[in-house]
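Participant: Data: work36.csv, CSV, C-alpha atoms.
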```
chain,number,residue,atom,x,y,z
I,212,MET,CA,-33.8,67.6,-26.8
I,213,PRO,CA,-30.3,68.6,-28.2
I,214,ARG,CA,-28.6,66.3,-25.7
I,215,LEU,CA,-30.9,63.4,-26.6
I,216,ARG,CA,-30.3,64.1,-30.3
I,217,GLY,CA,-26.6,64.1,-29.8
I,218,ALA,CA,-26.7,60.8,-27.9
I,219,THR,CA,-28.8,59.3,-30.7
I,220,LEU,CA,-26.1,60.3,-33.3
I,221,VAL,CA,-23.3,58.9,-31.1
I,222,ALA,CA,-25.1,55.6,-30.8
I,223,ALA,CA,-25.9,55.5,-34.5
I,224,SER,CA,-22.2,56.1,-35.2
I,225,ALA,CA,-21.2,53.2,-33.0
I,226,LEU,CA,-23.7,50.9,-34.6
I,227,CYS,CA,-22.0,51.0,-38.0
I,228,LEU,CA,-21.1,47.3,-37.9
I,229,PHE,CA,-21.1,46.3,-41.6
I,230,GLY,CA,-18.6,48.8,-43.0
I,231,ALA,CA,-14.8,49.2,-42.7
I,232,ASN,CA,-14.8,48.9,-38.9
I,233,ALA,CA,-15.6,45.2,-39.4
I,234,ALA,CA,-12.9,45.0,-42.0
I,235,ALA,CA,-10.2,45.8,-39.4
I,236,GLN,CA,-11.1,42.6,-37.5
I,237,GLU,CA,-10.2,40.3,-40.4
I,238,LEU,CA,-7.5,37.6,-40.1
I,239,GLU,CA,-6.1,36.9,-43.5
I,240,PRO,CA,-3.2,34.4,-43.5
I,241,GLY,CA,-1.6,33.8,-46.9
I,242,ALA,CA,-2.7,37.2,-48.3
I,243,TYR,CA,0.7,37.6,-50.0
I,244,THR,CA,1.0,34.0,-51.3
I,245,VAL,CA,3.2,33.9,-54.4
I,246,SER,CA,1.7,32.3,-57.5
I,247,PRO,CA,2.8,31.9,-61.1
I,248,VAL,CA,1.9,34.7,-63.5
I,249,GLY,CA,-1.4,34.1,-65.2
I,250,VAL,CA,-3.1,32.0,-62.6
I,251,ASN,CA,-6.6,33.0,-61.7
I,252,LEU,CA,-8.2,32.2,-58.3
I,253,LEU,CA,-11.9,31.9,-57.7
I,254,ASN,CA,-13.1,31.9,-54.0
I,255,ALA,CA,-16.6,31.4,-52.8
I,256,GLY,CA,-17.0,31.7,-49.0
I,257,TYR,CA,-19.5,32.0,-46.1
I,258,THR,CA,-18.7,33.8,-42.8
I,259,PHE,CA,-20.8,33.7,-39.6
I,260,ASN,CA,-20.2,36.3,-37.0
I,261,SER,CA,-22.1,36.6,-33.7
I,262,GLY,CA,-21.5,38.4,-30.5
I,263,ASP,CA,-21.9,41.4,-28.3
I,264,VAL,CA,-21.3,45.0,-29.2
I,265,ASN,CA,-19.6,47.1,-26.6
I,266,PHE,CA,-20.3,50.8,-26.1
I,267,ASP,CA,-19.2,53.5,-23.7
I,268,PRO,CA,-21.4,53.2,-20.6
I,269,SER,CA,-22.7,56.7,-21.0
I,270,LEU,CA,-24.5,55.9,-24.3
I,271,PRO,CA,-28.2,55.0,-24.3
I,272,VAL,CA,-27.6,51.5,-25.7
I,273,GLU,CA,-27.6,48.3,-23.6
I,274,ASP,CA,-27.3,44.6,-24.2
I,275,ALA,CA,-26.5,45.0,-27.9
I,276,HIS,CA,-26.0,41.8,-29.8
I,277,ALA,CA,-25.4,41.3,-33.5
I,278,THR,CA,-25.4,38.3,-35.9
I,279,ILE,CA,-24.0,38.8,-39.4
I,280,ASN,CA,-24.0,36.2,-42.2
I,281,THR,CA,-21.8,37.0,-45.3
I,282,LEU,CA,-21.5,35.3,-48.6
I,283,ALA,CA,-18.6,36.6,-50.6
I,284,LEU,CA,-17.4,35.8,-54.2
I,285,SER,CA,-13.9,36.8,-55.0
I,286,LEU,CA,-11.9,36.7,-58.2
I,287,GLY,CA,-8.1,37.2,-58.2
I,288,ARG,CA,-5.3,37.0,-60.8
I,289,SER,CA,-1.5,36.7,-60.4
I,290,ILE,CA,0.3,39.2,-62.6
I,291,SER,CA,3.7,40.7,-63.2
I,292,ALA,CA,4.2,44.2,-61.8
I,293,PHE,CA,7.5,45.6,-63.2
I,294,GLY,CA,9.0,42.1,-63.0
I,295,ARG,CA,7.7,41.3,-59.5
I,296,SER,CA,5.0,38.8,-58.5
I,297,ALA,CA,1.7,40.6,-57.8
I,298,THR,CA,-1.9,39.8,-57.3
I,299,VAL,CA,-5.1,41.7,-58.0
I,300,LEU,CA,-8.3,40.7,-56.3
I,301,ALA,CA,-12.0,41.9,-56.3
I,302,SER,CA,-14.6,40.7,-53.8
I,303,LEU,CA,-18.3,41.2,-53.7
I,304,PRO,CA,-20.1,40.4,-50.4
I,305,ILE,CA,-23.8,39.7,-49.8
I,306,VAL,CA,-24.7,40.4,-46.2
I,307,GLY,CA,-27.6,39.4,-43.9
I,308,GLY,CA,-27.5,40.9,-40.4
I,309,ASN,CA,-29.6,41.2,-37.3
I,310,VAL,CA,-28.9,43.6,-34.4
I,311,THR,CA,-30.8,43.7,-31.2
I,312,GLY,CA,-30.5,45.8,-28.0
I,313,VAL,CA,-32.1,48.1,-25.6
I,314,TYR,CA,-32.0,51.6,-27.1
I,315,LEU,CA,-33.2,54.6,-25.0
I,316,GLY,CA,-35.0,52.1,-22.7
I,317,GLN,CA,-36.8,50.2,-25.4
I,318,PHE,CA,-35.9,46.8,-27.0
I,319,THR,CA,-35.0,47.3,-30.6
I,320,ALA,CA,-34.4,44.7,-33.4
I,321,ILE,CA,-33.1,45.5,-36.8
I,322,ASP,CA,-32.6,43.3,-39.8
I,323,ARG,CA,-30.7,44.0,-43.0
I,324,THR,CA,-30.1,41.9,-46.2
I,325,GLY,CA,-28.4,43.0,-49.4
I,326,LEU,CA,-25.1,43.9,-51.1
I,327,GLY,CA,-22.1,45.1,-49.0
I,328,ASP,CA,-19.3,47.3,-50.2
I,329,VAL,CA,-17.0,45.9,-53.0
I,330,ARG,CA,-13.4,45.3,-51.9
I,331,LEU,CA,-10.5,45.7,-54.3
I,332,ARG,CA,-6.9,44.7,-53.5
I,333,LEU,CA,-3.5,44.9,-55.1
I,334,GLY,CA,-0.5,43.0,-53.5
I,335,VAL,CA,3.0,43.3,-54.8
I,336,ASN,CA,6.0,41.2,-53.6
I,337,LEU,CA,8.8,43.7,-53.5
I,338,PHE,CA,11.7,41.5,-52.5
I,339,GLY,CA,12.2,37.7,-52.7
I,340,ALA,CA,9.6,36.8,-55.3
I,341,PRO,CA,10.1,37.8,-58.9
I,342,ALA,CA,7.3,37.2,-61.4
I,343,LEU,CA,7.7,33.6,-62.8
I,344,THR,CA,6.0,31.5,-65.5
I,345,MET,CA,4.3,28.3,-64.5
I,346,ALA,CA,7.3,26.3,-65.7
I,347,ASP,CA,9.9,28.4,-63.9
I,348,PHE,CA,7.8,28.6,-60.7
I,349,ALA,CA,7.6,24.8,-60.5
I,350,LYS,CA,11.4,24.4,-60.3
I,351,THR,CA,12.2,27.5,-58.1
I,352,PRO,CA,12.2,27.0,-54.3
I,353,PRO,CA,10.1,29.4,-52.3
I,354,PRO,CA,11.9,32.6,-51.1
I,355,ARG,CA,13.3,32.4,-47.6
I,356,ASN,CA,12.4,36.1,-46.9
I,357,ASN,CA,9.7,38.0,-48.7
I,358,ILE,CA,8.8,41.7,-48.3
I,359,SER,CA,5.5,42.8,-49.8
I,360,ALA,CA,3.2,45.8,-50.0
I,361,GLY,CA,-0.5,46.0,-50.6
I,362,LEU,CA,-3.4,48.4,-51.1
I,363,THR,CA,-7.0,47.5,-50.2
I,364,VAL,CA,-9.8,49.8,-51.4
I,365,GLY,CA,-13.4,49.7,-50.0
I,366,VAL,CA,-15.8,51.0,-52.7
I,367,PRO,CA,-19.1,52.4,-51.5
I,368,THR,CA,-21.4,50.2,-53.6
I,369,GLY,CA,-23.3,48.6,-50.7
I,370,GLN,CA,-26.9,49.1,-49.8
I,371,TYR,CA,-27.3,52.5,-48.0
I,372,ASP,CA,-30.2,54.6,-46.8
I,373,PRO,CA,-29.4,57.8,-45.0
I,374,ALA,CA,-32.6,57.5,-43.0
I,375,ARG,CA,-31.4,54.3,-41.3
I,376,ILE,CA,-28.8,54.2,-38.5
I,377,ILE,CA,-27.6,50.8,-39.6
I,378,ASN,CA,-26.6,50.1,-43.2
I,379,LEU,CA,-24.8,47.4,-45.1
I,380,GLY,CA,-22.8,49.9,-47.1
I,381,SER,CA,-20.6,52.6,-45.5
I,382,HIS,CA,-21.4,55.4,-48.1
I,383,ARG,CA,-17.7,56.4,-48.2
I,384,TRP,CA,-14.4,55.2,-49.6
I,385,SER,CA,-11.8,53.4,-47.4
I,386,PHE,CA,-8.1,52.7,-48.1
I,387,LYS,CA,-5.7,50.4,-46.4
I,388,PRO,CA,-2.0,50.6,-47.4
I,389,GLU,CA,-0.1,47.8,-45.9
I,390,ALA,CA,3.4,46.3,-45.6
I,391,ALA,CA,4.2,42.6,-45.0
I,392,PHE,CA,7.2,40.6,-44.1
I,393,ILE,CA,7.1,36.8,-44.7
I,394,ARG,CA,9.8,34.4,-43.4
I,395,THR,CA,9.9,30.7,-44.4
I,396,THR,CA,11.9,28.2,-42.3
I,397,GLY,CA,11.5,24.6,-43.3
I,398,GLN,CA,7.8,23.7,-43.0
I,399,TRP,CA,7.1,26.9,-40.9
I,400,LEU,CA,6.0,30.2,-42.4
I,401,PHE,CA,5.7,33.4,-40.4
I,402,GLU,CA,3.8,36.5,-41.6
I,403,PHE,CA,3.7,40.0,-40.1
I,404,TYR,CA,1.4,42.7,-41.6
I,405,LEU,CA,1.3,46.3,-40.7
I,406,GLY,CA,-1.2,48.7,-42.2
I,407,VAL,CA,-3.6,51.6,-41.6
I,408,TRP,CA,-7.2,52.1,-42.6
I,409,LEU,CA,-8.0,55.6,-44.0
I,410,PHE,CA,-11.5,56.8,-44.5
I,411,THR,CA,-13.2,59.5,-46.5
I,412,ALA,CA,-16.2,61.3,-45.0
I,413,ASN,CA,-19.8,60.1,-45.1
I,414,ASP,CA,-21.6,63.3,-46.0
I,415,ASP,CA,-25.1,61.8,-45.7
I,416,PHE,CA,-25.1,60.1,-42.4
I,417,ALA,CA,-28.3,59.5,-40.3
I,418,GLY,CA,-30.4,62.0,-42.2
I,419,GLY,CA,-27.9,64.5,-43.6
I,420,HIS,CA,-25.2,64.7,-41.0
I,421,VAL,CA,-21.4,64.4,-41.8
I,422,ARG,CA,-19.6,61.5,-40.2
I,423,THR,CA,-15.8,61.2,-40.3
I,424,GLN,CA,-13.5,58.6,-38.9
I,425,ASP,CA,-9.9,58.9,-37.8
I,426,ALA,CA,-7.2,56.5,-39.1
I,427,MET,CA,-7.1,53.0,-37.7
I,428,LEU,CA,-3.8,51.1,-37.2
I,429,SER,CA,-4.0,47.4,-38.0
I,430,SER,CA,-1.4,44.7,-37.4
I,431,GLN,CA,-1.5,41.0,-37.9
I,432,PHE,CA,0.8,38.0,-37.1
I,433,ASN,CA,0.4,34.5,-38.5
I,434,ALA,CA,2.4,31.3,-37.8
I,435,ARG,CA,1.7,28.5,-40.3
I,436,TYR,CA,2.9,24.9,-40.5
I,437,THR,CA,2.6,23.0,-43.8
I,438,PHE,CA,2.1,19.2,-43.4
I,439,LYS,CA,2.2,18.7,-47.1
I,440,PRO,CA,1.7,20.8,-50.3
I,441,GLY,CA,-1.8,22.4,-49.9
I,442,LEU,CA,-2.4,21.2,-46.4
I,443,TRP,CA,-1.5,23.7,-43.7
I,444,LEU,CA,-2.6,25.0,-40.3
I,445,SER,CA,-2.1,28.6,-39.1
I,446,GLY,CA,-2.5,30.4,-35.8
I,447,ASN,CA,-3.5,34.0,-36.3
I,448,ALA,CA,-3.7,37.2,-34.1
I,449,ASN,CA,-4.3,40.8,-34.9
I,450,PHE,CA,-4.4,44.2,-33.1
I,451,TYR,CA,-6.2,47.3,-34.2
I,452,ARG,CA,-6.3,50.7,-32.6
I,453,GLY,CA,-7.9,54.1,-33.4
I,454,GLY,CA,-10.9,54.7,-35.7
I,455,ARG,CA,-12.6,57.3,-33.5
I,456,THR,CA,-15.6,58.9,-35.3
I,457,ASN,CA,-16.9,62.4,-35.4
I,458,VAL,CA,-20.5,63.4,-36.3
I,459,ASP,CA,-20.8,67.1,-37.4
I,460,GLY,CA,-17.4,67.8,-35.8
I,461,ARG,CA,-18.5,66.3,-32.4
I,462,PRO,CA,-16.1,63.5,-31.4
I,463,ASP,CA,-17.7,60.2,-30.4
I,464,VAL,CA,-16.6,57.9,-27.5
I,465,ASP,CA,-15.7,55.0,-29.7
I,466,PHE,CA,-11.9,54.9,-29.9
I,467,GLN,CA,-10.9,51.3,-30.4
I,468,THR,CA,-8.1,49.2,-28.9
I,469,ASN,CA,-9.1,45.6,-29.8
I,470,SER,CA,-7.6,42.3,-30.9
I,471,ARG,CA,-8.6,38.9,-32.2
I,472,VAL,CA,-7.1,35.4,-32.3
I,473,GLY,CA,-8.0,32.5,-34.5
I,474,VAL,CA,-6.9,29.4,-36.4
I,475,THR,CA,-7.1,28.7,-40.1
I,476,MET,CA,-6.8,25.4,-41.9
I,477,THR,CA,-6.6,24.8,-45.7
I,478,MET,CA,-7.0,21.3,-47.1
I,479,PRO,CA,-6.4,20.3,-50.8
I,480,LEU,CA,-9.3,18.7,-52.7
I,481,SER,CA,-7.4,18.4,-56.0
I,482,PRO,CA,-4.2,19.9,-57.4
I,483,ARG,CA,-6.1,23.1,-58.3
I,484,SER,CA,-8.8,23.3,-55.6
I,485,SER,CA,-8.9,23.5,-51.8
I,486,PHE,CA,-11.2,24.0,-48.9
I,487,ARG,CA,-10.5,26.4,-46.1
I,488,VAL,CA,-12.1,26.7,-42.6
I,489,ALA,CA,-11.3,29.4,-40.0
I,490,VAL,CA,-12.4,30.2,-36.5
I,491,SER,CA,-11.7,33.4,-34.6
I,492,ASP,CA,-12.8,35.2,-31.4
I,493,GLY,CA,-12.3,38.5,-29.7
I,494,ALA,CA,-9.2,38.4,-27.4
I,495,TYR,CA,-9.7,42.0,-26.1
I,496,THR,CA,-12.4,44.5,-26.9
I,497,THR,CA,-12.8,48.0,-25.6
I,498,VAL,CA,-15.4,49.5,-28.0
I,499,GLY,CA,-16.9,47.7,-31.0
I,500,ALA,CA,-17.9,44.2,-31.9
I,501,ASP,CA,-16.7,41.2,-29.8
I,502,PHE,CA,-17.6,38.5,-32.3
I,503,LEU,CA,-17.1,34.8,-32.5
I,504,GLY,CA,-16.5,34.1,-36.2
I,505,VAL,CA,-16.6,31.0,-38.3
I,506,SER,CA,-15.9,30.9,-42.0
I,507,VAL,CA,-15.7,28.3,-44.7
I,508,SER,CA,-14.6,28.8,-48.3
I,509,PHE,CA,-13.9,26.9,-51.5
I,510,GLN,CA,-11.0,28.0,-53.7
I,511,ARG,CA,-10.3,27.0,-57.3
I,512,ALA,CA,-7.2,27.9,-59.4
I,513,PHE,CA,-7.5,28.0,-63.2
```
Can you dump the structure from the file as structure tokens?
Facilitator:
Amino acid sequence: MPRLRGATLVAASALCLFGANAAAQELEPGAYTVSPVGVNLLNAGYTFNSGDVNFDPSLPVEDAHATINTLALSLGRSISAFGRSATVLASLPIVGGNVTGVYLGQFTAIDRTGLGDVRLRLGVNLFGAPALTMADFAKTPPPRNNISAGLTVGVPTGQYDPARIINLGSHRWSFKPEAAFIRTTGQWLFEFYLGVWLFTANDDFAGGHVRTQDAMLSSQFNARYTFKPGLWLSGNANFYRGGRTNVDGRPDVDFQTNSRVGVTMTMPLSPRSSFRVAVSDGAYTTVGADFLGVSVSFQRAF
């Protein structure tokens, strides 16, 4: 019985699909785009993710598959941070997911719908992009080189029930400090991000257990070509490694070494609004979700 109970907790730990583990998969070209001070940005988006979930062969889970639909509303504002261009952003997701698989020899299907964890983000351009008014921004050419830093915070506001092994909320805080280097050459723009996800403990996991997670390194590269102002196409790739979990001090077999690739296109609808579509897929997956993802979003500046 203790062995079966331990295997159950390991599988439960690996099935935490809706929390910060999924966040590591994101491809976000243009995260450090410079805007005039005082500009607000409203984004409404929908993301569809579907694919297999890979486990260590020793676990009692087979043929796991997940489909996750996410509606997200984000509000951002361009500000001045000690004379440098900066952006603050808050995002609220509404998630609907279905997970199926053979668990301990029995077919299992789980559905969840509700609020996910709120995401807060601060990005500051440290070199190459001073804070500018709308008038000054219009007559200033974009910086050739830009060095930025950001901090993303996952707030445990999502739906969570400790009696369930799969939840929409993670019941813990997560933090991602990140550095970015952006290079503009003519109509090409190249972005490289390097960050690390850090997690606090979930002290009420799967019925009162304590679940911790090691740091997860995350890197991303984007190559973007601008056809005309507001119309651009970007090729994206990321790599993330780490994130091994522990339940009650017992290490799980879920160390991740994964990567994704994708394309993103933004099209202007008016001088202040645009439409974005993105497609991504798993390039290499050891443990975790090997998802095909499609997202569409509408953005409005005001």
Participant: Let me make sure I understand: among I:Val299, I:Gln424, I:Gly249, I:Pro373, which one has the smallest atom-to-atom distance to Gly334 (chain I) if we use all atoms listed in the file?
Facilitator: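 Going through I:Val299, I:Gln424, I:Gly249, I:Pro373 one by one, the smallest distance to Gly334 (chain I) is for I:Val299.
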Participant: Go through region 298-366 of chain I residue by residue and, counting only C-alpha atoms, keep those with an atom at most 12 Å from region 242-246 of chain I; for each kept residue give the shortest atom pair and its distance in Å to one decimal, ordered by chain and increasing number, as a tab-separated table.
Facilitator:
```
residue	atom	partner	partner_atom	distance
I:Thr298	CA	I:Tyr243	CA	8.1
I:Val299	CA	I:Tyr243	CA	10.7
I:Leu300	CA	I:Ala242	CA	10.4
I:Arg332	CA	I:Ala242	CA	10.0
I:Leu333	CA	I:Tyr243	CA	9.8
I:Gly334	CA	I:Tyr243	CA	6.5
I:Val335	CA	I:Tyr243	CA	7.8
I:Asn336	CA	I:Tyr243	CA	7.3
I:Leu337	CA	I:Tyr243	CA	10.7
I:Phe338	CA	I:Val245	CA	11.6
I:Gly339	CA	I:Val245	CA	9.9
I:Ala340	CA	I:Val245	CA	7.1
I:Pro341	CA	I:Val245	CA	9.1
I:Ala342	CA	I:Ser246	CA	8.4
I:Leu343	CA	I:Ser246	CA	8.1
I:Thr344	CA	I:Ser246	CA	9.1
I:Met345	CA	I:Ser246	CA	8.5
I:Ala346	CA	I:Ser246	CA	11.6
I:Asp347	CA	I:Ser246	CA	11.1
I:Phe348	CA	I:Ser246	CA	7.8
I:Ala349	CA	I:Ser246	CA	10.0
I:Thr351	CA	I:Ser246	CA	11.6
I:Pro352	CA	I:Val245	CA	11.3
I:Pro353	CA	I:Val245	CA	8.5
I:Pro354	CA	I:Val245	CA	9.4
I:Asn357	CA	I:Tyr243	CA	9.1
I:Ile358	CA	I:Tyr243	CA	9.2
I:Ser359	CA	I:Tyr243	CA	7.1
I:Ala360	CA	I:Tyr243	CA	8.6
I:Gly361	CA	I:Tyr243	CA	8.5
I:Leu362	CA	I:Ala242	CA	11.6
I:Thr363	CA	I:Ala242	CA	11.3
```
Participant: Would you mind listing what lies within 12 Å of Val421 (chain I) as a list in words, with all atoms listed in the file counted and same-chain residues fewer than 4 positions away left out?
Facilitator: Leu220, Ser224, Pro373, His382, Arg383, Thr411, Ala412, Asn413, Asp414, Asp415, Phe416, Ala417, Thr456, Asn457, Val458, Asp459, Gly460, Arg461 and Pro462 of chain I
Participant: Please, what distance in Å, to one decimal, runs between CA of Met427 (chain I) and CA of Asn449 (chain I)?
Facilitator: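 Computed distance, CA of Met427 (chain I) to CA of Asn449 (chain I), equals 12.8 Å.
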Participant: Could you list as a VMD selection string every residue that has an atom within 6 Å of (0.9, 45.5, -39.3), using the file's coordinates and counting all atoms listed in the file?
Facilitator: chain I and resid 404 to 406 429 to 431
Participant: What lies within 9 Å of Val306 (chain I) using only C-alpha atoms, ignoring chain neighbours under 3 positions off, as a compact mmCIF listing (two decimals) with C-alpha atoms, in the coordinates of the input?
Facilitator:
```
# COMPACT_ATOMS: atom_id res chain seq x y z
CA PHE I 229 -21.10 46.30 -41.60
CA ILE I 279 -24.00 38.80 -39.40
CA ASN I 280 -24.00 36.20 -42.20
CA THR I 281 -21.80 37.00 -45.30
CA LEU I 282 -21.50 35.30 -48.60
CA ALA I 283 -18.60 36.60 -50.60
CA ARG I 323 -30.70 44.00 -43.00
CA THR I 324 -30.10 41.90 -46.20
CA GLY I 325 -28.40 43.00 -49.40
CA LEU I 326 -25.10 43.90 -51.10
CA GLY I 327 -22.10 45.10 -49.00
CA LEU I 379 -24.80 47.40 -45.10
```
Participant: Any idea what's packed within 7 Å of Leu428 (chain I), counting only C-alpha atoms, ignoring anything in its chain fewer than 5 positions away? Could you give it as a ChimeraX atom specification?
Facilitator: /I:406-408,451-453
Participant: Would you pick out the contacts of Thr278 (chain I) at 6 Å or less, using all atoms listed in the file, so that residues sharing its chain but fewer than 3 positions from it are not included, and give the list as a PyMOL selection string?
Facilitator: chain I and resi 260-261+308-309
Participant: Excluding same-chain residues fewer than 3 positions from Phe438 (chain I), what lies within 12 Å of it counting all atoms listed in the file, as a PDB file with C-alpha atoms, in the coordinates of the input?
Facilitator:
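The resulting file, result02.pdb, is shown below:
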```
ATOM      1  CA  GLY I 397      11.500  24.600 -43.300  1.00  0.00           C
ATOM      2  CA  GLN I 398       7.800  23.700 -43.000  1.00  0.00           C
ATOM      3  CA  TRP I 399       7.100  26.900 -40.900  1.00  0.00           C
ATOM      4  CA  LEU I 400       6.000  30.200 -42.400  1.00  0.00           C
ATOM      5  CA  ARG I 435       1.700  28.500 -40.300  1.00  0.00           C
ATOM      6  CA  GLY I 441      -1.800  22.400 -49.900  1.00  0.00           C
ATOM      7  CA  LEU I 442      -2.400  21.200 -46.400  1.00  0.00           C
ATOM      8  CA  TRP I 443      -1.500  23.700 -43.700  1.00  0.00           C
ATOM      9  CA  LEU I 444      -2.600  25.000 -40.300  1.00  0.00           C
ATOM     10  CA  SER I 445      -2.100  28.600 -39.100  1.00  0.00           C
ATOM     11  CA  MET I 476      -6.800  25.400 -41.900  1.00  0.00           C
ATOM     12  CA  THR I 477      -6.600  24.800 -45.700  1.00  0.00           C
ATOM     13  CA  MET I 478      -7.000  21.300 -47.100  1.00  0.00           C
ATOM     14  CA  PRO I 479      -6.400  20.300 -50.800  1.00  0.00           C
TER      15      PRO I 479
END
```
Participant: Looking at all atoms listed in the file, which of I:Pro482, I:Gly312, I:Ala434, I:Thr497 is the one that sits closest to Phe450 (chain I)?
Facilitator: I:Thr497
Participant: How many Å lie between CA of Phe410 (chain I) and CA of Leu331 (chain I), rounded to one decimal?
Facilitator: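 We find that CA of Phe410 (chain I) and CA of Leu331 (chain I) lie 14.8 Å from each other.
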Participant: To one decimal place in Å, what is the distance between CA of Val488 (chain I) and CA of Tyr436 (chain I)?
Facilitator: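 CA of Val488 (chain I) sits 15.3 Å away from CA of Tyr436 (chain I).
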Participant: Would you please work out which residue, of I:Ala320, I:Ile393, I:Ala297, I:Leu284, is nearest to Val248 (chain I) when using all atoms listed in the file?
Facilitator: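 Closest to Val248 (chain I) of all the choices is I:Ala297.
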Participant: Using only C-alpha atoms for the distances, tell me which of I:Gln510, I:Ser484, I:Asp501, I:Val474 is nearest to Ala277 (chain I).
Facilitator: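 Of all the options, I:Asp501 lies closest to Ala277 (chain I).
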Participant: Edge lengths and centre in Å to one decimal, as lines of an AutoDock Vina configuration file, of the axis-aligned box that encloses all listed atoms of region 308-313 of chain I with 5 Å added on every side?
Facilitator:
```
center_x = -29.8
center_y = 44.5
center_z = -33.0
size_x = 14.6
size_y = 17.2
size_z = 24.8
```
Participant: Nearest residue to Glu273 (chain I) out of I:Leu315, I:Ala426, I:Val329, I:Ile321, using all atoms listed in the file?
Facilitator: I:Leu315
Participant: Go through I:Phe486, I:Gln370, I:Asp492, I:Gln467 one by one, measure the shortest atom-to-atom distance of each to Ala512 (chain I) using only C-alpha atoms, and give the residue with the smallest value.
Facilitator: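 Going through I:Phe486, I:Gln370, I:Asp492, I:Gln467 one by one, the smallest distance to Ala512 (chain I) is for I:Phe486.
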